[in-house]
Structure formats: C-alpha cells, structure tokens
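Novice: Data: protein.pdb, PDB, C-alpha atoms, pLDDT in the B column.
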```
ATOM      1  CA  MET L   1      20.882   4.928  22.506  1.00 72.00           C
ATOM      2  CA  GLU L   2      21.790   2.118  24.873  1.00 80.00           C
ATOM      3  CA  ASP L   3      19.679   3.782  27.572  1.00 88.00           C
ATOM      4  CA  ILE L   4      16.553   3.744  25.405  1.00 87.00           C
ATOM      5  CA  SER L   5      17.228   0.124  24.376  1.00 88.00           C
ATOM      6  CA  ASN L   6      17.513  -0.881  28.031  1.00 91.00           C
ATOM      7  CA  ARG L   7      14.343   1.042  28.882  1.00 91.00           C
ATOM      8  CA  ILE L   8      12.431  -0.644  26.045  1.00 88.00           C
ATOM      9  CA  ALA L   9      13.552  -4.091  27.250  1.00 90.00           C
ATOM     10  CA  GLN L  10      12.568  -3.238  30.836  1.00 93.00           C
ATOM     11  CA  LEU L  11       9.198  -1.842  29.797  1.00 89.00           C
ATOM     12  CA  SER L  12       8.498  -4.894  27.661  1.00 90.00           C
ATOM     13  CA  GLN L  13       9.158  -7.180  30.639  1.00 92.00           C
ATOM     14  CA  GLU L  14       6.933  -5.049  32.878  1.00 91.00           C
ATOM     15  CA  LEU L  15       4.112  -5.124  30.328  1.00 88.00           C
ATOM     16  CA  LYS L  16       4.355  -8.916  30.038  1.00 90.00           C
ATOM     17  CA  ALA L  17       4.092  -9.240  33.823  1.00 89.00           C
ATOM     18  CA  PHE L  18       1.201  -6.765  33.870  1.00 85.00           C
ATOM     19  CA  GLN L  19      -0.660  -8.780  31.217  1.00 84.00           C
ATOM     20  CA  VAL L  20      -0.877 -11.698  33.627  1.00 83.00           C
ATOM     21  CA  GLN L  21      -2.231  -9.510  36.407  1.00 82.00           C
ATOM     22  CA  LEU L  22      -4.678  -7.769  34.097  1.00 81.00           C
ATOM     23  CA  GLN L  23      -6.442 -10.983  33.066  1.00 82.00           C
ATOM     24  CA  TRP L  24     -10.001 -10.903  34.342  1.00 82.00           C
ATOM     25  CA  ASN L  25      -9.728 -14.482  35.624  1.00 81.00           C
ATOM     26  CA  ASN L  26      -7.191 -13.307  38.208  1.00 80.00           C
ATOM     27  CA  ILE L  27      -9.439 -10.486  39.414  1.00 83.00           C
ATOM     28  CA  GLN L  28     -12.715 -12.397  39.117  1.00 84.00           C
ATOM     29  CA  SER L  29     -11.887 -14.574  42.119  1.00 85.00           C
ATOM     30  CA  SER L  30     -11.503 -11.458  44.294  1.00 86.00           C
ATOM     31  CA  THR L  31     -14.308 -10.079  46.417  1.00 90.00           C
ATOM     32  CA  PRO L  32     -16.626  -7.532  44.775  1.00 90.00           C
ATOM     33  CA  GLY L  33     -15.123  -4.830  47.001  1.00 92.00           C
ATOM     34  CA  ASP L  34     -11.590  -5.700  45.885  1.00 90.00           C
ATOM     35  CA  GLN L  35     -12.718  -5.708  42.252  1.00 88.00           C
ATOM     36  CA  GLU L  36     -14.217  -2.253  42.663  1.00 91.00           C
ATOM     37  CA  ARG L  37     -11.063  -0.919  44.347  1.00 90.00           C
ATOM     38  CA  VAL L  38      -8.887  -2.291  41.544  1.00 87.00           C
ATOM     39  CA  MET L  39     -11.148  -0.776  38.896  1.00 88.00           C
ATOM     40  CA  ASP L  40     -11.323   2.588  40.694  1.00 91.00           C
ATOM     41  CA  HIS L  41      -7.555   2.702  41.027  1.00 89.00           C
ATOM     42  CA  LEU L  42      -7.067   1.714  37.381  1.00 85.00           C
ATOM     43  CA  LEU L  43      -9.474   4.397  36.185  1.00 88.00           C
ATOM     44  CA  LYS L  44      -8.204   7.136  38.521  1.00 91.00           C
ATOM     45  CA  ALA L  45      -4.624   6.418  37.508  1.00 90.00           C
ATOM     46  CA  GLY L  46      -5.537   7.237  33.893  1.00 88.00           C
ATOM     47  CA  LEU L  47      -4.101   3.978  32.632  1.00 84.00           C
ATOM     48  CA  GLY L  48      -6.256   3.968  29.505  1.00 84.00           C
ATOM     49  CA  ASN L  49      -5.155   7.459  28.480  1.00 88.00           C
ATOM     50  CA  ASP L  50      -1.513   6.731  29.274  1.00 88.00           C
ATOM     51  CA  LEU L  51      -1.547   3.510  27.259  1.00 86.00           C
ATOM     52  CA  LYS L  52      -3.244   5.271  24.341  1.00 87.00           C
ATOM     53  CA  ARG L  53      -0.602   8.021  24.370  1.00 90.00           C
ATOM     54  CA  ALA L  54       2.178   5.421  24.527  1.00 89.00           C
ATOM     55  CA  VAL L  55       0.689   3.535  21.562  1.00 88.00           C
ATOM     56  CA  ASP L  56       0.348   6.793  19.604  1.00 90.00           C
ATOM     57  CA  LEU L  57       3.965   7.713  20.356  1.00 92.00           C
ATOM     58  CA  LEU L  58       5.172   4.251  19.353  1.00 90.00           C
ATOM     59  CA  SER L  59       3.200   4.508  16.119  1.00 91.00           C
ATOM     60  CA  HIS L  60       4.719   7.928  15.411  1.00 93.00           C
ATOM     61  CA  PHE L  61       8.205   6.612  16.232  1.00 92.00           C
ATOM     62  CA  LEU L  62       7.776   3.714  13.785  1.00 92.00           C
ATOM     63  CA  TRP L  63       6.468   5.996  11.028  1.00 91.00           C
ATOM     64  CA  CYS L  64       9.467   8.286  11.559  1.00 92.00           C
ATOM     65  CA  TYR L  65      11.751   5.295  11.015  1.00 89.00           C
ATOM     66  CA  ILE L  66       9.944   4.478   7.748  1.00 89.00           C
ATOM     67  CA  GLU L  67      10.353   8.072   6.575  1.00 88.00           C
ATOM     68  CA  SER L  68      13.991   8.079   7.631  1.00 87.00           C
ATOM     69  CA  ALA L  69      14.644   4.835   5.753  1.00 84.00           C
ATOM     70  CA  ALA L  70      13.018   6.320   2.658  1.00 82.00           C
ATOM     71  CA  ALA L  71      15.184   9.446   2.846  1.00 83.00           C
ATOM     72  CA  ASN L  72      18.443   7.627   3.661  1.00 77.00           C
ATOM     73  CA  ALA L  73      20.743   7.344   0.644  1.00 68.00           C
ATOM     74  CA  ASN L  74      23.524   5.593   2.528  1.00 74.00           C
ATOM     75  CA  ALA L  75      25.344   3.115   0.294  1.00 70.00           C
ATOM     76  CA  ASP L  76      26.215   1.011   3.345  1.00 81.00           C
ATOM     77  CA  VAL L  77      22.567   0.132   4.088  1.00 80.00           C
ATOM     78  CA  ASP L  78      21.846  -3.577   4.424  1.00 85.00           C
ATOM     79  CA  TYR L  79      18.656  -3.675   2.352  1.00 82.00           C
ATOM     80  CA  THR L  80      17.837  -7.226   3.408  1.00 86.00           C
ATOM     81  CA  GLN L  81      17.905  -6.202   7.062  1.00 89.00           C
ATOM     82  CA  GLN L  82      16.058  -2.987   6.329  1.00 86.00           C
ATOM     83  CA  SER L  83      13.366  -4.850   4.383  1.00 86.00           C
ATOM     84  CA  TRP L  84      12.901  -7.283   7.281  1.00 90.00           C
ATOM     85  CA  ARG L  85      12.723  -4.366   9.711  1.00 90.00           C
ATOM     86  CA  LEU L  86      10.149  -2.548   7.573  1.00 89.00           C
ATOM     87  CA  GLY L  87       8.080  -5.740   7.446  1.00 89.00           C
ATOM     88  CA  GLN L  88       8.137  -6.003  11.234  1.00 92.00           C
ATOM     89  CA  ILE L  89       7.235  -2.333  11.581  1.00 91.00           C
ATOM     90  CA  THR L  90       4.340  -2.760   9.147  1.00 88.00           C
ATOM     91  CA  GLU L  91       3.014  -5.701  11.147  1.00 88.00           C
ATOM     92  CA  THR L  92       3.406  -3.781  14.411  1.00 89.00           C
ATOM     93  CA  LEU L  93       1.558  -0.766  13.016  1.00 88.00           C
ATOM     94  CA  ARG L  94      -1.214  -3.048  11.782  1.00 86.00           C
ATOM     95  CA  LEU L  95      -1.509  -4.627  15.229  1.00 86.00           C
ATOM     96  CA  LEU L  96      -1.439  -1.273  17.011  1.00 83.00           C
ATOM     97  CA  HIS L  97      -4.321  -0.014  14.959  1.00 78.00           C
ATOM     98  CA  HIS L  98      -6.278  -3.289  14.890  1.00 70.00           C
ATOM     99  CA  SER L  99      -6.397  -3.272  11.143  1.00 51.00           C
ATOM    100  CA  ALA L 100      -8.324  -6.114   9.641  1.00 50.00           C
ATOM    101  CA  CYS L 101      -6.355  -5.900   6.419  1.00 51.00           C
ATOM    102  CA  PRO L 102      -5.186  -9.296   5.262  1.00 52.00           C
ATOM    103  CA  LEU L 103      -1.524 -10.178   4.914  1.00 52.00           C
ATOM    104  CA  LYS L 104      -1.721  -9.541   1.168  1.00 52.00           C
ATOM    105  CA  ASP L 105      -2.495  -5.867   1.822  1.00 57.00           C
ATOM    106  CA  SER L 106       0.335  -5.669   4.347  1.00 57.00           C
ATOM    107  CA  LEU L 107       2.742  -7.085   1.774  1.00 60.00           C
ATOM    108  CA  ALA L 108       1.529  -4.553  -0.796  1.00 68.00           C
ATOM    109  CA  PHE L 109       2.180  -1.800   1.726  1.00 67.00           C
ATOM    110  CA  LEU L 110       5.649  -3.205   2.432  1.00 67.00           C
ATOM    111  CA  GLU L 111       6.405  -3.409  -1.293  1.00 72.00           C
ATOM    112  CA  GLN L 112       5.244   0.191  -1.713  1.00 73.00           C
ATOM    113  CA  THR L 113       7.462   1.273   1.198  1.00 74.00           C
ATOM    114  CA  ALA L 114      10.447  -0.612  -0.225  1.00 75.00           C
ATOM    115  CA  MET L 115       9.886   0.960  -3.667  1.00 76.00           C
ATOM    116  CA  THR L 116       9.729   4.403  -2.068  1.00 78.00           C
ATOM    117  CA  VAL L 117      13.024   3.784  -0.259  1.00 77.00           C
ATOM    118  CA  THR L 118      14.642   2.491  -3.461  1.00 78.00           C
ATOM    119  CA  ARG L 119      13.326   5.424  -5.506  1.00 79.00           C
ATOM    120  CA  GLN L 120      14.655   7.901  -2.927  1.00 77.00           C
ATOM    121  CA  VAL L 121      18.089   6.243  -2.882  1.00 76.00           C
ATOM    122  CA  LYS L 122      18.275   6.328  -6.698  1.00 78.00           C
ATOM    123  CA  ALA L 123      17.272   9.992  -6.745  1.00 77.00           C
ATOM    124  CA  GLU L 124      19.946  10.835  -4.169  1.00 75.00           C
ATOM    125  CA  ARG L 125      22.606   8.966  -6.142  1.00 75.00           C
ATOM    126  CA  LEU L 126      21.557  10.734  -9.341  1.00 75.00           C
ATOM    127  CA  GLN L 127      21.816  14.094  -7.582  1.00 74.00           C
ATOM    128  CA  GLU L 128      25.318  13.173  -6.402  1.00 72.00           C
ATOM    129  CA  ARG L 129      26.423  12.177  -9.941  1.00 72.00           C
ATOM    130  CA  LEU L 130      25.026  15.229 -11.740  1.00 69.00           C
ATOM    131  CA  PRO L 131      27.514  17.738 -10.256  1.00 65.00           C
ATOM    132  CA  LEU L 132      30.383  15.328 -11.003  1.00 62.00           C
ATOM    133  CA  GLU L 133      29.340  14.946 -14.647  1.00 60.00           C
ATOM    134  CA  GLN L 134      28.868  18.695 -15.094  1.00 62.00           C
ATOM    135  CA  THR L 135      32.407  19.422 -13.873  1.00 60.00           C
ATOM    136  CA  ALA L 136      33.935  16.821 -16.205  1.00 57.00           C
TER     137      ALA L 136
END
```
Just give me the structure as structure tokens.

Specialist:
Amino acid sequence: MEDISNRIAQLSQELKAFQVQLQWNNIQSSTPGDQERVMDHLLKAGLGNDLKRAVDLLSHFLWCYIESAAANANADVDYTQQSWRLGQITETLRLLHHSACPLKDSLAFLEQTAMTVTRQVKAERLQERLPLEQTA
C-alpha cells in the first residue's frame, strides 16, 4: 500500500506542475507553429482519452471505498474519521463529474451514505448475536 500512496503523491505533484504548463497563457506567447506542434503532440499522445480513463478509474475506486465502508462491520472503525472521509469522497466525485448540485444535495447524499453504513453495521451485529442467543 505504501507504493500506491507514494505513486499518488508523485502523480499529484506532476499534475500540479502540468497544470501550469497547460495554461493557454503560457502557450499563447509561442509562435503559431509551436502552438500547432504542441496541440498535435497532445492530441496524438491521446492525453484526453488517458485523462478520461484515469478519472473514470478514480471514480470507480472511490465508489468501491464507499461500498466497502457500507459493508464493513468492524467495531474498531473510527466513524468520525470515516464520515469525514466519505464527505471528501462525495465532494471529489461531485467535482469529477462536474455536478451542479448544491452543497445541500451533497450533504443529503453523505447522510444517506452514512445511514447505509450504519444500517449495514447494525445488520452485521444482529447476525452475529442471533447464533449466540440461539445457543443459549
């Protein structure tokens, strides 16, 4: 897991540096020929498709975490931390998909997610208690 954490940090730094280079103001001062070469290279490299696939994979990864949190009945879960994390994931998913939903809708979604997690944990605990009560 440390490898993926390091890779995420490295990729984040590279993307921040790339954002500066990708600003049109930096390219606009170039000659028309240089602008065309940059655009041709960008298009031939498939950057748009690669970025779209990366965003889709990140979205899928985040949804998998939400589903995992909902299915996790671990008594050692820090629900405050998990709630914060789910809020951040919700905001990230909203940004990734350019949703125009206001914060109120995001909070409703977060509350729904938190209720789903809580409901799943209660169901798991009930399932664990039933066999114990039947044997008593």

Novice: Would you pick out the contacts of segment 62-67 of chain L at 8 Å or less, using all atoms listed in the file, so that residues sharing its chain but fewer than 4 positions from it are not included, and give the list as a ChimeraX atom specification?

Specialist: /L:58,71,86,89,93,113

Novice: Calculate how many Å separate atom CA of Ser83 of chain L from atom CA of Ala54 of chain L, rounding to one decimal.

Specialist: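 So the answer is 25.2 Å.
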
Novice: Hey, can you check how far atom CA of Asp56 of chain L sits from atom CA of Met115 of chain L?

Specialist: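 If I compute the distance from atom CA of Asp56 of chain L to atom CA of Met115 of chain L, I get 25.8 Å.
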
Novice: Report, in Å to a single decimal, how far apart atom CA of Gly46 of chain L and atom CA of Ile8 of chain L are.

Specialist: 21.1 Å

Novice: Which is closer to Arg119 of chain L than all the others in L:Leu11, L:Ala75, L:Ala70, L:Val55, using all atoms listed in the file?

Specialist: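 Checking each candidate against Arg119 of chain L, we get L:Ala70 as the closest.
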
Novice: With all atoms listed in the file as the atoms that count, which of L:Gly33, L:Thr90, L:Val38, L:Val117 lies nearest to Ser68 of chain L?

Specialist: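 So, comparing all the options, the nearest one is L:Val117.
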
Novice: I'd like to know which of L:Ser5, L:Asn74, L:Asn26, L:Ser59 is closest to Thr118 of chain L, using all atoms listed in the file.

Specialist: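 So, comparing all the options, the nearest one is L:Asn74.
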